[in-house]
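**Q** Input: one structure, supplied below.
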Amino acid sequence: MSLDLEIREQRREKLEAMRQGGADPYPRRFAFSHTLAEVDSAYAATTAEALEAERVPVAVCGRLMAVRGHGKAGFGQLLQDGTRLQIYVRQDSVDADSFALWKDLDLGDFIGVHGYVFRTRTNELTVHAERLEFLSKALLPLPEKWHGLQDVEARYRQRYLDLLNPDVRRVFERRAKMVQSLREQFLARGYLEVETPMMQPLAGGAAARPFRTHHEALDIPLYLRIAPELYLKRLVVGGLERVFEINRNFRNEGISTQHNPEFTMLEFYEAYSDYRVLMDWSETLLAELARQVTGGTEVEFRGERLDFSHCRRLSLRAAIREFWPAGAGAAPEIAALHDPAHERSIAERYNAFAHSSGAAAVPLESAGEGALLTAVFEHVAERHLLQPTIIYDFPVAVSPLAKNKADEPAWVERFEIYAGGMEIANGYSELNDPEEQHRRFLQQLTLRERGDAEAHALDQDYIRALSYGMPPTAGEGIGIDRLAMLLTGSASIRDVILFPLLRPETQGPV
RNA sequence: GGGCCGGUAGCUCAAUUGGCAGAGCAAGUGACUCUUAAUCACUAGGUUGAAGGUUCGAUUCCUUCCCGGCUCACCA
């Protein structure tokens, strides 16, 4: 028998013995007087003498994480909701049943402790036990007490064990605080929080491969949403002029340190606004977010200090010039970047450099007009954009839902925010001309026919909604997971998602 | 999907260019009434991810496969 099973067998026997003795090993509740955190904060400043005089009675509970026995006495450490507190059990202070229970406890068991607060000789705040109650059993042993769970796969598969590690717990607490801060900032700006369909008959609003499912009763195919965009803008048509949604998107694409098939997006729209307004608002939003979550505007990410107090602004074309690799010859002239005729030669020049230096080349084949320049930007600049940076003005070919620039119709009023070398946000002035939107969808269809599985589908109902009239509107999506990576210093998106997608275990758990 | 790295006791990790698979924690027994990674003594715990191959002998070398990590490509 493996040791694991042996331990479980021994612990089952303890449970059985408890039942034989008339006790319920899984009792229903414990009426605690204080949480461990409350004990901690209430008596943090109280001296040993004052506690001794007062003998404050408490009833506390938690998971037993450490035991240091001394024969007829002993110390234990309880863990409750992230707080640890020491207990002291001595034979001459508790009843016989409680002491027998104490001797029989395993690490990981849950107990309730009645007693009083005191300080040990080393001045540690401790509950002096007078009675113990058994609350629940750990049949399986917990991970190693000092190192915790280290195996990366086990950490993700058994997150409940990983979360016992305070550093891991802190990441998810901070993520929660982040979402709360964002929500509060949007509510303060007069936004309404909404929920739009996660299952859609057409997966629109972004360029990505969707997950497909099927509704039995209606007998129709449905797609898990790749973005909420088209629904949120329908709401703006309906007069909900400031809306935001924090929810999951699903994209049937690769998994990496920056990609999980389901990820959380904050997406928002405000009427009578444009991308200039959103650039300003995003900048203050991020700065305030960093302040509320970390207490400052600077964070450490992959060895870099990132400063969220402001965003640098750079046009896409300027970014290509600035980050054009030295080995690729002179950076493209501004005039060339404005002339579609030069787009291909710019990409080819970059690719010549890429081939000689071993860097990834820009795929030339399927790209439509304007898409090449965007691809060049991503290859040349993205990984250099460590400090928060707004990149603005994109080609219309890669932005089928964004409004054209007044003075340059082949380009749109769109921006993306980069930090830590990752794209974390994407926003634009929304295209609200239904006829132009229809033409854009048709262009996407021709891409689709050419084999681009990620090109937008034609959403007639969305065209109809726009035809009723949508005010000038600006909208933006912010990737919550990546932002959480930045604000928690996590190198992988899996470290900020409680249960990241993994291949299922072939051999079931023990 | 490509490249690189990894998988050894429940957990964290060792194992000498191929030579008896080990330690700490956790577990069991015993000692111990102020410890805090408690201490001390003893005990038990292994199909070294799987299947083949080379060899007198494989955790170690080779092949295939499984699982994971990093990275590149696609994407946010």
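Just so we're on the same page: first chain in the structure tokens is A, next is B, and so on; residues restart at 1 for each chain, and ligands are numbered from 1 in the order they show up.
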Hey, which bits of region 171-277 of chain A sit within 10 Å of region 63-75 of chain B, and for each residue what's the closest pair of atoms and how far apart in Å (one decimal), counting only C-alpha atoms (C1' of nucleotides), rows by chain and increasing number, as a tab-separated table?
**A**
residue	atom	partner	partner_atom	distance
A:Ala207	CA	B:C75	C1'	8.8
A:Ala208	CA	B:C75	C1'	7.3
A:Arg209	CA	B:C75	C1'	9.3
A:Arg251	CA	B:C75	C1'	8.6
A:Asn252	CA	B:C75	C1'	9.5
A:Glu253	CA	B:C75	C1'	6.7
A:Gly254	CA	B:C74	C1'	7.2
A:Ile255	CA	B:C75	C1'	9.3
A:Ser256	CA	B:U71	C1'	9.8
A:Thr257	CA	B:C70	C1'	9.1
A:Gln258	CA	B:C75	C1'	9.4
A:His259	CA	B:C75	C1'	7.7
**Q** So that I can see what lies close to G28 (chain B), please list as a list in words the residues with an atom at most 10 Å from it, counting only C-alpha atoms (C1' of nucleotides) and leaving out residues fewer than 3 positions away in the same chain.
**A**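 Surrounding residues, per the criterion: Ile7 and Gln10 of chain A; U43 and A44 of chain B.
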**Q** Please provide as a ChimeraX atom specification all residues within 9 Å of Glu144 (chain A), with the sequence filter that same-chain residues fewer than 3 positions apart are discarded (counting only C-alpha atoms (C1' of nucleotides)).
**A** /A:141,147-149 /B:11-12,25-26
**Q** Could you tell me which of B:C5, B:A14, B:C32, B:A50 comes closest to chain A if we count only C-alpha atoms (C1' of nucleotides)?
**A**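 Distance minimum relative to chain A lands on B:C32.
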**Q** So that I can see what lies close to region 40-42 of chain B, please list as a count of residues only the residues with an atom at most 8 Å from it, counting only C-alpha atoms (C1' of nucleotides) and leaving out residues fewer than 6 positions away in the same chain.
**A** 3
**Q** Contacts from chain A to chain B, 7 Å maximum, only C-alpha atoms (C1' of nucleotides): show me the residue list as a PyMOL selection string.
**A** chain A and resi 3-4+7+68+70-73+75+90+120-121+141+143-147+153+253+423+479
**Q** Skipping near chain neighbours, those fewer than 2 positions away, what residues fall within 9 Å of region 378-386 of chain A using only C-alpha atoms (C1' of nucleotides), listed as a PyMOL selection string?
**A** chain A and resi 304-306+319-320+322-325+350+359-362+373-376+388-389+418-423
**Q** Would you save the residues of that selection, restricted to N, CA and C atoms, as a PDB file, in the first residue's frame?
**A**
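Once everything was written out, this is again-v9.pdb:
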ATOM      1  N   GLU A 304      11.645  44.835 -14.697  1.00  0.00           N
ATOM      2  CA  GLU A 304      11.532  46.240 -15.114  1.00  0.00           C
ATOM      3  C   GLU A 304      10.636  46.991 -14.139  1.00  0.00           C
ATOM      4  N   ARG A 305      10.964  48.243 -13.900  1.00  0.00           N
ATOM      5  CA  ARG A 305      10.050  49.084 -13.117  1.00  0.00           C
ATOM      6  C   ARG A 305       9.127  49.805 -14.094  1.00  0.00           C
ATOM      7  N   LEU A 306       7.856  49.489 -14.004  1.00  0.00           N
ATOM      8  CA  LEU A 306       6.884  50.117 -14.897  1.00  0.00           C
ATOM      9  C   LEU A 306       6.159  51.225 -14.143  1.00  0.00           C
ATOM     10  N   ALA A 319       5.966  54.659 -34.148  1.00  0.00           N
ATOM     11  CA  ALA A 319       6.551  53.539 -33.399  1.00  0.00           C
ATOM     12  C   ALA A 319       7.390  52.660 -34.329  1.00  0.00           C
ATOM     13  N   ILE A 320       6.920  52.458 -35.555  1.00  0.00           N
ATOM     14  CA  ILE A 320       7.709  51.672 -36.508  1.00  0.00           C
ATOM     15  C   ILE A 320       9.055  52.347 -36.744  1.00  0.00           C
ATOM     16  N   GLU A 322      10.589  54.501 -34.751  1.00  0.00           N
ATOM     17  CA  GLU A 322      11.420  54.538 -33.541  1.00  0.00           C
ATOM     18  C   GLU A 322      12.089  53.193 -33.247  1.00  0.00           C
ATOM     19  N   PHE A 323      11.338  52.102 -33.471  1.00  0.00           N
ATOM     20  CA  PHE A 323      11.875  50.789 -33.073  1.00  0.00           C
ATOM     21  C   PHE A 323      12.400  49.993 -34.258  1.00  0.00           C
ATOM     22  N   TRP A 324      12.483  50.639 -35.413  1.00  0.00           N
ATOM     23  CA  TRP A 324      13.038  49.980 -36.597  1.00  0.00           C
ATOM     24  C   TRP A 324      14.435  49.449 -36.276  1.00  0.00           C
ATOM     25  N   PRO A 325      14.664  48.150 -36.496  1.00  0.00           N
ATOM     26  CA  PRO A 325      15.954  47.584 -36.065  1.00  0.00           C
ATOM     27  C   PRO A 325      17.143  48.192 -36.823  1.00  0.00           C
ATOM     28  N   TYR A 350      11.846  44.653 -43.887  1.00  0.00           N
ATOM     29  CA  TYR A 350      11.943  44.115 -42.531  1.00  0.00           C
ATOM     30  C   TYR A 350      12.230  42.616 -42.571  1.00  0.00           C
ATOM     31  N   ALA A 359      15.083  36.535 -36.630  1.00  0.00           N
ATOM     32  CA  ALA A 359      13.822  36.989 -36.050  1.00  0.00           C
ATOM     33  C   ALA A 359      12.656  36.499 -36.898  1.00  0.00           C
ATOM     34  N   ALA A 360      11.453  36.571 -36.317  1.00  0.00           N
ATOM     35  CA  ALA A 360      10.269  36.123 -37.040  1.00  0.00           C
ATOM     36  C   ALA A 360       9.948  37.104 -38.151  1.00  0.00           C
ATOM     37  N   ALA A 361       9.526  36.558 -39.299  1.00  0.00           N
ATOM     38  CA  ALA A 361       9.202  37.403 -40.443  1.00  0.00           C
ATOM     39  C   ALA A 361       7.711  37.730 -40.454  1.00  0.00           C
ATOM     40  N   VAL A 362       7.379  38.835 -41.088  1.00  0.00           N
ATOM     41  CA  VAL A 362       5.983  39.221 -41.264  1.00  0.00           C
ATOM     42  C   VAL A 362       5.390  38.354 -42.376  1.00  0.00           C
ATOM     43  N   LEU A 373       1.322  46.731 -42.540  1.00  0.00           N
ATOM     44  CA  LEU A 373       1.994  47.738 -41.718  1.00  0.00           C
ATOM     45  C   LEU A 373       1.761  47.456 -40.229  1.00  0.00           C
ATOM     46  N   THR A 374       0.539  47.016 -39.917  1.00  0.00           N
ATOM     47  CA  THR A 374       0.238  46.661 -38.536  1.00  0.00           C
ATOM     48  C   THR A 374       1.118  45.497 -38.085  1.00  0.00           C
ATOM     49  N   ALA A 375       1.277  44.531 -38.977  1.00  0.00           N
ATOM     50  CA  ALA A 375       2.114  43.372 -38.647  1.00  0.00           C
ATOM     51  C   ALA A 375       3.565  43.805 -38.444  1.00  0.00           C
ATOM     52  N   VAL A 376       4.019  44.728 -39.288  1.00  0.00           N
ATOM     53  CA  VAL A 376       5.384  45.237 -39.124  1.00  0.00           C
ATOM     54  C   VAL A 376       5.528  45.912 -37.762  1.00  0.00           C
ATOM     55  N   PRO A 388       4.108  51.843 -19.947  1.00  0.00           N
ATOM     56  CA  PRO A 388       2.771  52.009 -20.519  1.00  0.00           C
ATOM     57  C   PRO A 388       2.789  53.004 -21.676  1.00  0.00           C
ATOM     58  N   THR A 389       2.331  52.553 -22.825  1.00  0.00           N
ATOM     59  CA  THR A 389       2.394  53.366 -24.038  1.00  0.00           C
ATOM     60  C   THR A 389       1.095  53.243 -24.822  1.00  0.00           C
ATOM     61  N   TYR A 418      -0.081  49.456 -24.567  1.00  0.00           N
ATOM     62  CA  TYR A 418       0.898  48.399 -24.314  1.00  0.00           C
ATOM     63  C   TYR A 418       1.605  48.654 -22.997  1.00  0.00           C
ATOM     64  N   ALA A 419       1.930  47.570 -22.307  1.00  0.00           N
ATOM     65  CA  ALA A 419       2.767  47.665 -21.107  1.00  0.00           C
ATOM     66  C   ALA A 419       3.414  46.310 -20.885  1.00  0.00           C
ATOM     67  N   GLY A 420       4.650  46.314 -20.421  1.00  0.00           N
ATOM     68  CA  GLY A 420       5.353  45.063 -20.195  1.00  0.00           C
ATOM     69  C   GLY A 420       5.524  44.255 -21.472  1.00  0.00           C
ATOM     70  N   GLY A 421       5.478  44.922 -22.638  1.00  0.00           N
ATOM     71  CA  GLY A 421       5.609  44.208 -23.906  1.00  0.00           C
ATOM     72  C   GLY A 421       4.342  43.483 -24.330  1.00  0.00           C
ATOM     73  N   MET A 422       3.228  43.770 -23.651  1.00  0.00           N
ATOM     74  CA  MET A 422       1.963  43.111 -23.998  1.00  0.00           C
ATOM     75  C   MET A 422       0.914  44.150 -24.354  1.00  0.00           C
ATOM     76  N   GLU A 423       0.013  43.774 -25.236  1.00  0.00           N
ATOM     77  CA  GLU A 423      -1.144  44.620 -25.488  1.00  0.00           C
ATOM     78  C   GLU A 423      -2.123  44.417 -24.342  1.00  0.00           C
TER      79      GLU A 423
END
**Q** Separation of CA of Asp307 (chain A) and CA of Arg175 (chain A), in Å?
**A**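 Interatomic distance, CA of Asp307 (chain A) to CA of Arg175 (chain A): 18.4 Å.
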**Q** Please identify the strand (DSSP E or B) residues within region 233-473 of chain A (assignment by DSSP from backbone atoms) and present them as a PyMOL selection string.
**A** chain A and resi 242-250+256+259+262-271+298-301+304-307+312-315+389-395+402+404-405+408-419+422-430+473
**Q** Show me, as a list in words, the residues that have an atom within 10 Å of Arg11 (chain A) when counting only C-alpha atoms (C1' of nucleotides), minus same-chain residues fewer than 6 positions from it.
**A**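 So, after excluding close chain neighbours, the residues are Leu5, Ala17, Asp104, Leu105, Asp106, Lys137, Ala138, Leu139, Leu140 and Pro141 of chain A.
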**Q** One number please: CA of Ala100 (chain A) to CA of Leu79 (chain A), in Å, one decimal.
**A**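 If I compute the distance from CA of Ala100 (chain A) to CA of Leu79 (chain A), I get 21.4 Å.
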**Q** Within 8 Å of region 282-295 of chain A, counting only C-alpha atoms (C1' of nucleotides), which residues qualify if same-chain residues fewer than 6 places away don't, as a ChimeraX atom specification?
**A** /A:174,177-178,181-182,185,308-311,487
**Q** How far is it from CA of Phe394 (chain A) to CA of Ser315 (chain A), in Å with one decimal?
**A** 8.4 Å
**Q** For Thr446 (chain A), which residue among A:Asn249, A:Arg189, A:Leu458, A:Arg19 is the nearest when counting only C-alpha atoms?
**A**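 Residue with the minimum atom-to-atom distance to Thr446 (chain A): A:Leu458.
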